[in-house]
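> Next up, protein-v3.csv (CSV, C-alpha atoms and all ligand atoms).
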```
chain,number,residue,atom,x,y,z
A,1,MET,CA,86.4,81.1,68.2
A,2,PRO,CA,85.6,84.0,70.6
A,3,GLU,CA,84.1,87.1,69.2
A,4,THR,CA,86.8,89.7,68.8
A,5,PRO,CA,86.3,93.2,70.3
A,6,GLU,CA,86.0,94.6,66.8
A,7,GLN,CA,83.2,92.1,65.9
A,8,LEU,CA,81.5,92.9,69.2
A,9,TRP,CA,81.7,96.6,68.6
A,10,ARG,CA,80.3,96.3,65.0
A,11,ARG,CA,77.5,94.1,66.2
A,12,ALA,CA,76.6,96.2,69.2
A,13,ALA,CA,77.5,99.8,68.8
A,14,GLY,CA,74.3,100.7,66.7
A,15,ASP,CA,72.0,98.5,68.8
A,16,LEU,CA,72.4,99.6,72.4
A,17,ARG,CA,69.4,99.2,74.6
A,18,MET,CA,68.2,101.2,77.6
A,19,PRO,CA,67.3,98.8,80.4
A,20,PRO,CA,64.1,99.7,82.4
A,21,VAL,CA,66.1,101.5,85.1
A,22,HIS,CA,63.0,103.5,86.2
A,23,GLU,CA,61.6,100.2,87.4
A,24,TRP,CA,64.7,99.3,89.4
A,25,GLU,CA,64.3,100.4,93.0
A,26,THR,CA,68.1,100.1,93.6
A,27,PHE,CA,69.1,102.3,90.6
A,28,PRO,CA,70.6,105.4,92.1
A,29,PHE,CA,69.8,108.0,89.5
A,30,ASP,CA,66.6,109.7,88.2
A,31,GLY,CA,65.8,111.6,85.0
A,32,ASP,CA,65.9,111.0,81.3
A,33,MET,CA,68.7,108.7,80.4
A,34,ARG,CA,70.2,107.0,77.4
A,35,PRO,CA,73.3,104.7,76.9
A,36,ARG,CA,76.5,106.4,76.0
A,37,PRO,CA,77.8,105.6,72.5
A,38,LEU,CA,80.1,102.5,72.6
A,39,ARG,CA,83.6,103.6,71.7
A,40,GLU,CA,85.7,101.5,69.3
A,41,PRO,CA,88.1,99.0,70.7
A,42,VAL,CA,91.7,100.1,71.4
A,43,MET,CA,94.8,98.4,70.1
A,44,ARG,CA,96.0,97.6,73.6
A,45,GLU,CA,94.6,98.2,77.0
A,46,GLY,CA,96.4,100.8,79.1
A,47,PRO,CA,98.6,99.6,81.9
A,48,ARG,CA,97.2,99.1,85.4
A,49,HIS,CA,98.8,100.7,88.4
A,50,GLY,CA,101.8,98.6,89.5
A,51,GLU,CA,102.0,96.6,86.3
A,52,GLY,CA,104.6,93.8,86.7
A,53,GLY,CA,105.1,94.9,90.3
A,54,VAL,CA,107.0,98.0,89.1
A,55,ASP,CA,106.4,101.1,91.4
A,56,CYS,CA,103.5,99.2,93.0
A,57,ARG,CA,102.2,101.2,96.0
A,58,ARG,CA,100.7,98.1,97.6
A,59,CYS,CA,104.1,96.2,97.5
A,60,THR,CA,105.9,99.1,99.3
A,61,ALA,CA,103.2,100.1,101.8
A,62,PRO,CA,104.4,99.5,105.4
A,63,ASP,CA,102.4,97.2,107.7
A,64,GLU,CA,101.4,100.3,109.8
A,65,GLU,CA,99.0,101.3,107.0
A,66,TYR,CA,97.0,98.1,107.5
A,67,LEU,CA,94.3,97.1,109.9
A,68,TRP,CA,95.3,93.5,110.0
A,69,THR,CA,98.2,91.5,108.6
A,70,ASN,CA,99.8,88.0,108.8
A,71,GLU,CA,102.8,86.6,107.0
A,72,ARG,CA,101.0,86.4,103.6
A,73,TRP,CA,98.0,88.7,103.6
A,74,ARG,CA,97.2,92.3,104.6
A,75,LEU,CA,93.8,94.1,105.1
A,76,TYR,CA,93.3,97.8,105.0
A,77,VAL,CA,90.3,100.2,105.1
A,78,ILE,CA,89.5,103.3,103.2
A,79,GLY,CA,87.3,106.1,104.5
A,80,PRO,CA,85.2,107.5,106.0
A,81,THR,CA,83.0,106.1,103.2
A,82,GLY,CA,79.4,106.5,102.4
A,83,LEU,CA,78.9,102.8,103.2
A,84,PRO,CA,79.5,101.7,106.9
A,85,LEU,CA,82.9,100.1,105.9
A,86,VAL,CA,85.0,99.4,102.9
A,87,ALA,CA,88.0,97.2,103.3
A,88,LEU,CA,90.5,95.6,100.9
A,89,LEU,CA,92.3,92.3,101.3
A,90,GLU,CA,95.5,91.6,99.4
A,91,PRO,CA,98.5,89.2,99.3
A,92,ARG,CA,101.8,90.6,100.5
A,93,GLU,CA,103.4,89.4,97.3
A,94,HIS,CA,102.5,90.8,94.0
A,95,TYR,CA,100.1,88.6,92.1
A,96,GLY,CA,97.7,89.9,89.4
A,97,GLU,CA,94.8,87.4,88.9
A,98,PRO,CA,93.1,85.1,91.3
A,99,GLY,CA,94.0,82.2,89.1
A,100,ASP,CA,97.7,83.0,89.4
A,101,LEU,CA,97.9,82.4,93.1
A,102,PRO,CA,99.8,79.4,94.3
A,103,VAL,CA,97.5,76.7,95.6
A,104,GLU,CA,98.5,77.3,99.3
A,105,LEU,CA,97.7,81.0,99.0
A,106,ALA,CA,94.5,80.3,97.2
A,107,ALA,CA,93.4,77.9,99.9
A,108,GLU,CA,94.2,80.4,102.6
A,109,LEU,CA,92.3,83.1,100.7
A,110,GLY,CA,89.2,80.9,100.8
A,111,VAL,CA,89.3,80.8,104.6
A,112,LEU,CA,90.2,84.5,104.8
A,113,LEU,CA,87.3,85.7,102.6
A,114,GLY,CA,85.0,84.2,105.2
A,115,ARG,CA,86.9,85.4,108.2
A,116,VAL,CA,87.0,89.0,107.0
A,117,GLU,CA,83.3,88.9,105.9
A,118,ARG,CA,82.3,87.8,109.4
A,119,ALA,CA,84.5,90.5,111.0
A,120,VAL,CA,82.9,93.2,108.9
A,121,ARG,CA,79.4,91.9,109.5
A,122,SER,CA,80.1,92.0,113.3
A,123,ILE,CA,79.9,95.8,113.1
A,124,GLY,CA,76.2,95.5,113.5
A,125,GLU,CA,73.3,97.0,111.4
A,126,ILE,CA,74.9,95.5,108.3
A,127,GLY,CA,72.5,94.0,105.8
A,128,ARG,CA,75.2,92.3,103.7
A,129,VAL,CA,78.9,92.3,103.1
A,130,HIS,CA,79.6,92.3,99.4
A,131,VAL,CA,82.8,90.5,98.6
A,132,CYS,CA,84.0,91.7,95.2
A,133,ARG,CA,87.0,91.5,92.9
A,134,TRP,CA,87.4,93.8,89.8
A,135,GLY,CA,91.1,94.4,89.4
A,136,ASP,CA,91.0,96.8,86.4
A,137,GLY,CA,92.6,99.7,88.2
A,138,SER,CA,95.5,98.3,90.1
A,139,GLU,CA,97.3,95.0,89.2
A,140,HIS,CA,98.2,94.0,92.8
A,141,LEU,CA,95.4,91.4,93.5
A,142,HIS,CA,92.8,92.9,95.9
A,143,TRP,CA,89.4,91.8,97.2
A,144,TRP,CA,86.8,94.4,98.2
A,145,PHE,CA,84.6,94.0,101.3
A,146,MET,CA,81.7,96.5,101.1
A,147,ALA,CA,79.3,96.6,104.0
A,148,ARG,CA,75.9,97.8,103.1
A,149,PRO,CA,73.5,99.2,105.7
A,150,ALA,CA,70.6,97.0,106.9
A,151,ARG,CA,66.9,97.6,106.2
A,152,ILE,CA,67.2,100.1,103.3
A,153,PRO,CA,66.0,98.1,100.3
A,154,GLN,CA,67.2,100.7,97.8
A,155,LEU,CA,70.8,100.0,98.8
A,156,ILE,CA,70.8,96.2,98.0
A,157,GLY,CA,72.8,94.6,95.3
A,158,SER,CA,75.7,95.7,93.0
A,159,PHE,CA,74.6,99.4,93.0
A,160,ALA,CA,75.8,99.5,96.6
A,161,ALA,CA,79.3,100.3,95.1
A,162,ILE,CA,77.7,103.3,93.5
A,163,TRP,CA,75.7,104.3,96.5
A,164,ASP,CA,79.0,104.5,98.4
A,165,ASP,CA,79.8,107.6,96.4
A,166,ILE,CA,76.4,109.1,96.8
A,167,LEU,CA,75.8,108.7,100.5
A,168,PRO,CA,77.6,111.3,102.6
A,169,PRO,CA,80.7,109.9,104.4
A,170,LEU,CA,80.1,108.6,107.9
A,171,PRO,CA,80.9,110.9,110.8
A,172,GLU,CA,84.6,110.3,111.7
A,173,ASP,CA,83.8,108.8,115.2
A,174,VAL,CA,81.1,106.4,113.8
A,175,TRP,CA,83.4,105.2,111.1
A,176,ARG,CA,86.3,104.8,113.5
A,177,ALA,CA,84.1,102.7,115.8
A,178,ASN,CA,83.3,100.5,112.8
A,179,VAL,CA,87.0,100.1,112.0
A,180,ASP,CA,87.8,99.2,115.6
A,181,ALA,CA,85.0,96.6,115.7
A,182,VAL,CA,86.5,94.9,112.6
A,183,ALA,CA,90.0,95.0,114.1
A,184,GLU,CA,88.7,93.5,117.4
A,185,ALA,CA,86.9,90.7,115.5
A,186,LEU,CA,90.0,89.8,113.6
A,187,ARG,CA,92.2,89.6,116.8
B,201,ZN,ZN,102.3,95.0,94.2
```
What do you get writing this file as structure tokens?

Amino acid sequence: MPETPEQLWRRAAGDLRMPPVHEWETFPFDGDMRPRPLREPVMREGPRHGEGGVDCRRCTAPDEEYLWTNERWRLYVIGPTGLPLVALLEPREHYGEPGDLPVELAAELGVLLGRVERAVRSIGEIGRVHVCRWGDGSEHLHWWFMARPARIPQLIGSFAAIWDDILPPLPEDVWRANVDAVAEALR
């Protein structure tokens, strides 16, 4: 029997710990910190954007908004970002969870995750391309590709997603050149 959210909350809410963030080189913030109180479970989670494919912006977006497409997948970029490049890969059709993909699409996804990662890495001066999936905001399945800069040890690891909001956005021309490099690599 899995622990229910109510059981988890009762067990944990009064026993939150502060991890030793002052020892973590990659932690982006400084100062006196403490965990926020853990709020009680809700009866039902709020809907994600495009739930059930209804009014889903990703389903209706034209191909012109994308950096790369094929018959089943589309890739777009957001930015200029604080990181050198942030791109998102999504199926044309509306699927929610990775485990809901038909096996043919899932197999093609495996190949594409590598292909897009290589294309983003080809920008140069990239330390790592983080390939991530959260999916709590928008239901339409999407994979993140977050390029983190090379040789700045503070920016490694999962906090790169936070550093993206802390670093100033790239100059437009530098960002555009990065986008062009990815497009060229995918051709
Ligand atoms: Zn959709």
> Please return as a PDB file with C-alpha atoms, in the frame of the given file the residues found within 7 Å of ligand ZN 201 (chain B), counting all atoms listed in the file.

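File written: pocket_19.pdb
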```
ATOM      1  CA  GLY A  50     101.800  98.600  89.500  1.00  0.00           C
ATOM      2  CA  GLY A  53     105.100  94.900  90.300  1.00  0.00           C
ATOM      3  CA  CYS A  56     103.500  99.200  93.000  1.00  0.00           C
ATOM      4  CA  ARG A  57     102.200 101.200  96.000  1.00  0.00           C
ATOM      5  CA  ARG A  58     100.700  98.100  97.600  1.00  0.00           C
ATOM      6  CA  CYS A  59     104.100  96.200  97.500  1.00  0.00           C
ATOM      7  CA  GLU A  93     103.400  89.400  97.300  1.00  0.00           C
ATOM      8  CA  HIS A  94     102.500  90.800  94.000  1.00  0.00           C
ATOM      9  CA  HIS A 140      98.200  94.000  92.800  1.00  0.00           C
TER      10      HIS A 140
END
```
> Excluding Arg115 in chain A and its own-chain neighbours fewer than 6 positions away, which residues fall within 12 Å of it when counting only C-alpha atoms? Please give them as a PDB file with C-alpha atoms, in the coordinates of the input.

```pdb
ATOM      1  CA  TRP A  68      95.300  93.500 110.000  1.00  0.00           C
ATOM      2  CA  LEU A  75      93.800  94.100 105.100  1.00  0.00           C
ATOM      3  CA  LEU A  89      92.300  92.300 101.300  1.00  0.00           C
ATOM      4  CA  GLU A 108      94.200  80.400 102.600  1.00  0.00           C
ATOM      5  CA  LEU A 109      92.300  83.100 100.700  1.00  0.00           C
ATOM      6  CA  ARG A 121      79.400  91.900 109.500  1.00  0.00           C
ATOM      7  CA  SER A 122      80.100  92.000 113.300  1.00  0.00           C
ATOM      8  CA  VAL A 129      78.900  92.300 103.100  1.00  0.00           C
ATOM      9  CA  VAL A 131      82.800  90.500  98.600  1.00  0.00           C
ATOM     10  CA  PHE A 145      84.600  94.000 101.300  1.00  0.00           C
ATOM     11  CA  VAL A 182      86.500  94.900 112.600  1.00  0.00           C
ATOM     12  CA  ALA A 183      90.000  95.000 114.100  1.00  0.00           C
ATOM     13  CA  ALA A 185      86.900  90.700 115.500  1.00  0.00           C
ATOM     14  CA  LEU A 186      90.000  89.800 113.600  1.00  0.00           C
ATOM     15  CA  ARG A 187      92.200  89.600 116.800  1.00  0.00           C
TER      16      ARG A 187
END
```
> Do a neighbour search on range 102-107 of chain A at 10 Å with only C-alpha atoms, toss out local chain neighbours closer than 4 positions, and write the hits as a list in words.
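Once the nearby chain positions are removed, what remains is Arg72, Trp73, Pro91, Tyr95, Pro98, Val111 and Leu112 of chain A.
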> Restricting the calculation to all atoms listed in the file: of A:Pro35, A:Gly79, A:Gly127, A:Pro41, which residue gets closest to Arg151 in chain A?
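Counting all atoms listed in the file, the residue closest to Arg151 in chain A is A:Gly127.
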> Considering only C-alpha atoms, return as a ChimeraX atom specification whatever protein or nucleic-acid residues lie within 8 Å of Leu85 in chain A, sequence-local ones (same chain, fewer than 6 positions apart) excluded.
/A:77-79,120,145-148,175,178-179
> Choose the residue, out of A:Ile126, A:Met18, A:Val54, A:Val86, that has the smallest atom-to-atom separation from Asp164 in chain A; count all atoms listed in the file.
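Of all the options, A:Val86 lies closest to Asp164 in chain A.
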> Using only C-alpha atoms for the distances, tell me which of A:Trp9, A:Gly135, A:Thr26, A:Thr81 is nearest to Ile152 in chain A.
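Counting only C-alpha atoms, the residue closest to Ile152 in chain A is A:Thr26.
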> Could you tell me how far CA of Asp63 in chain A lies from CA of Gly99 in chain A, in Å and to one decimal?
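Between these atoms lies a distance of 25.3 Å.
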> Applying 12 Å and only C-alpha atoms, which residues near Ala177 in chain A remain after dropping the ones on its own chain fewer than 3 positions away? List them as a PyMOL selection string.
chain A and resi 80+84-85+120+122-124+170-174+180-184
> Give me the residues near Arg17 in chain A as a list in words, where near means some atom within 12 Å (using only C-alpha atoms) and where sequence neighbours in that chain fewer than 5 positions away do not count.
Ala12, Met33, Arg34, Pro35, Arg36, Pro37 and Leu38 of chain A
> Calculate how many Å separate CA of Arg128 in chain A from CA of Leu113 in chain A, rounding to one decimal.
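Distance between the two atoms: 13.8 Å.
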> Considering all atoms listed in the file, state which residue in the set A:Asp55, A:Val116, A:His22, A:Phe29 is at the smallest distance from Tyr76 in chain A.
A:Val116
> Mind pulling up the distance from CA of Ile166 in chain A to CA of Leu16 in chain A?
26.5 Å
> Go through A:Pro62, A:Pro47, A:Gly14, A:Pro149 one by one, measure the shortest atom-to-atom distance of each to Leu83 in chain A using all atoms listed in the file, and give the residue with the smallest value.
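Of A:Pro62, A:Pro47, A:Gly14, A:Pro149, the one nearest Leu83 in chain A, counting all atoms listed in the file, is A:Pro149.
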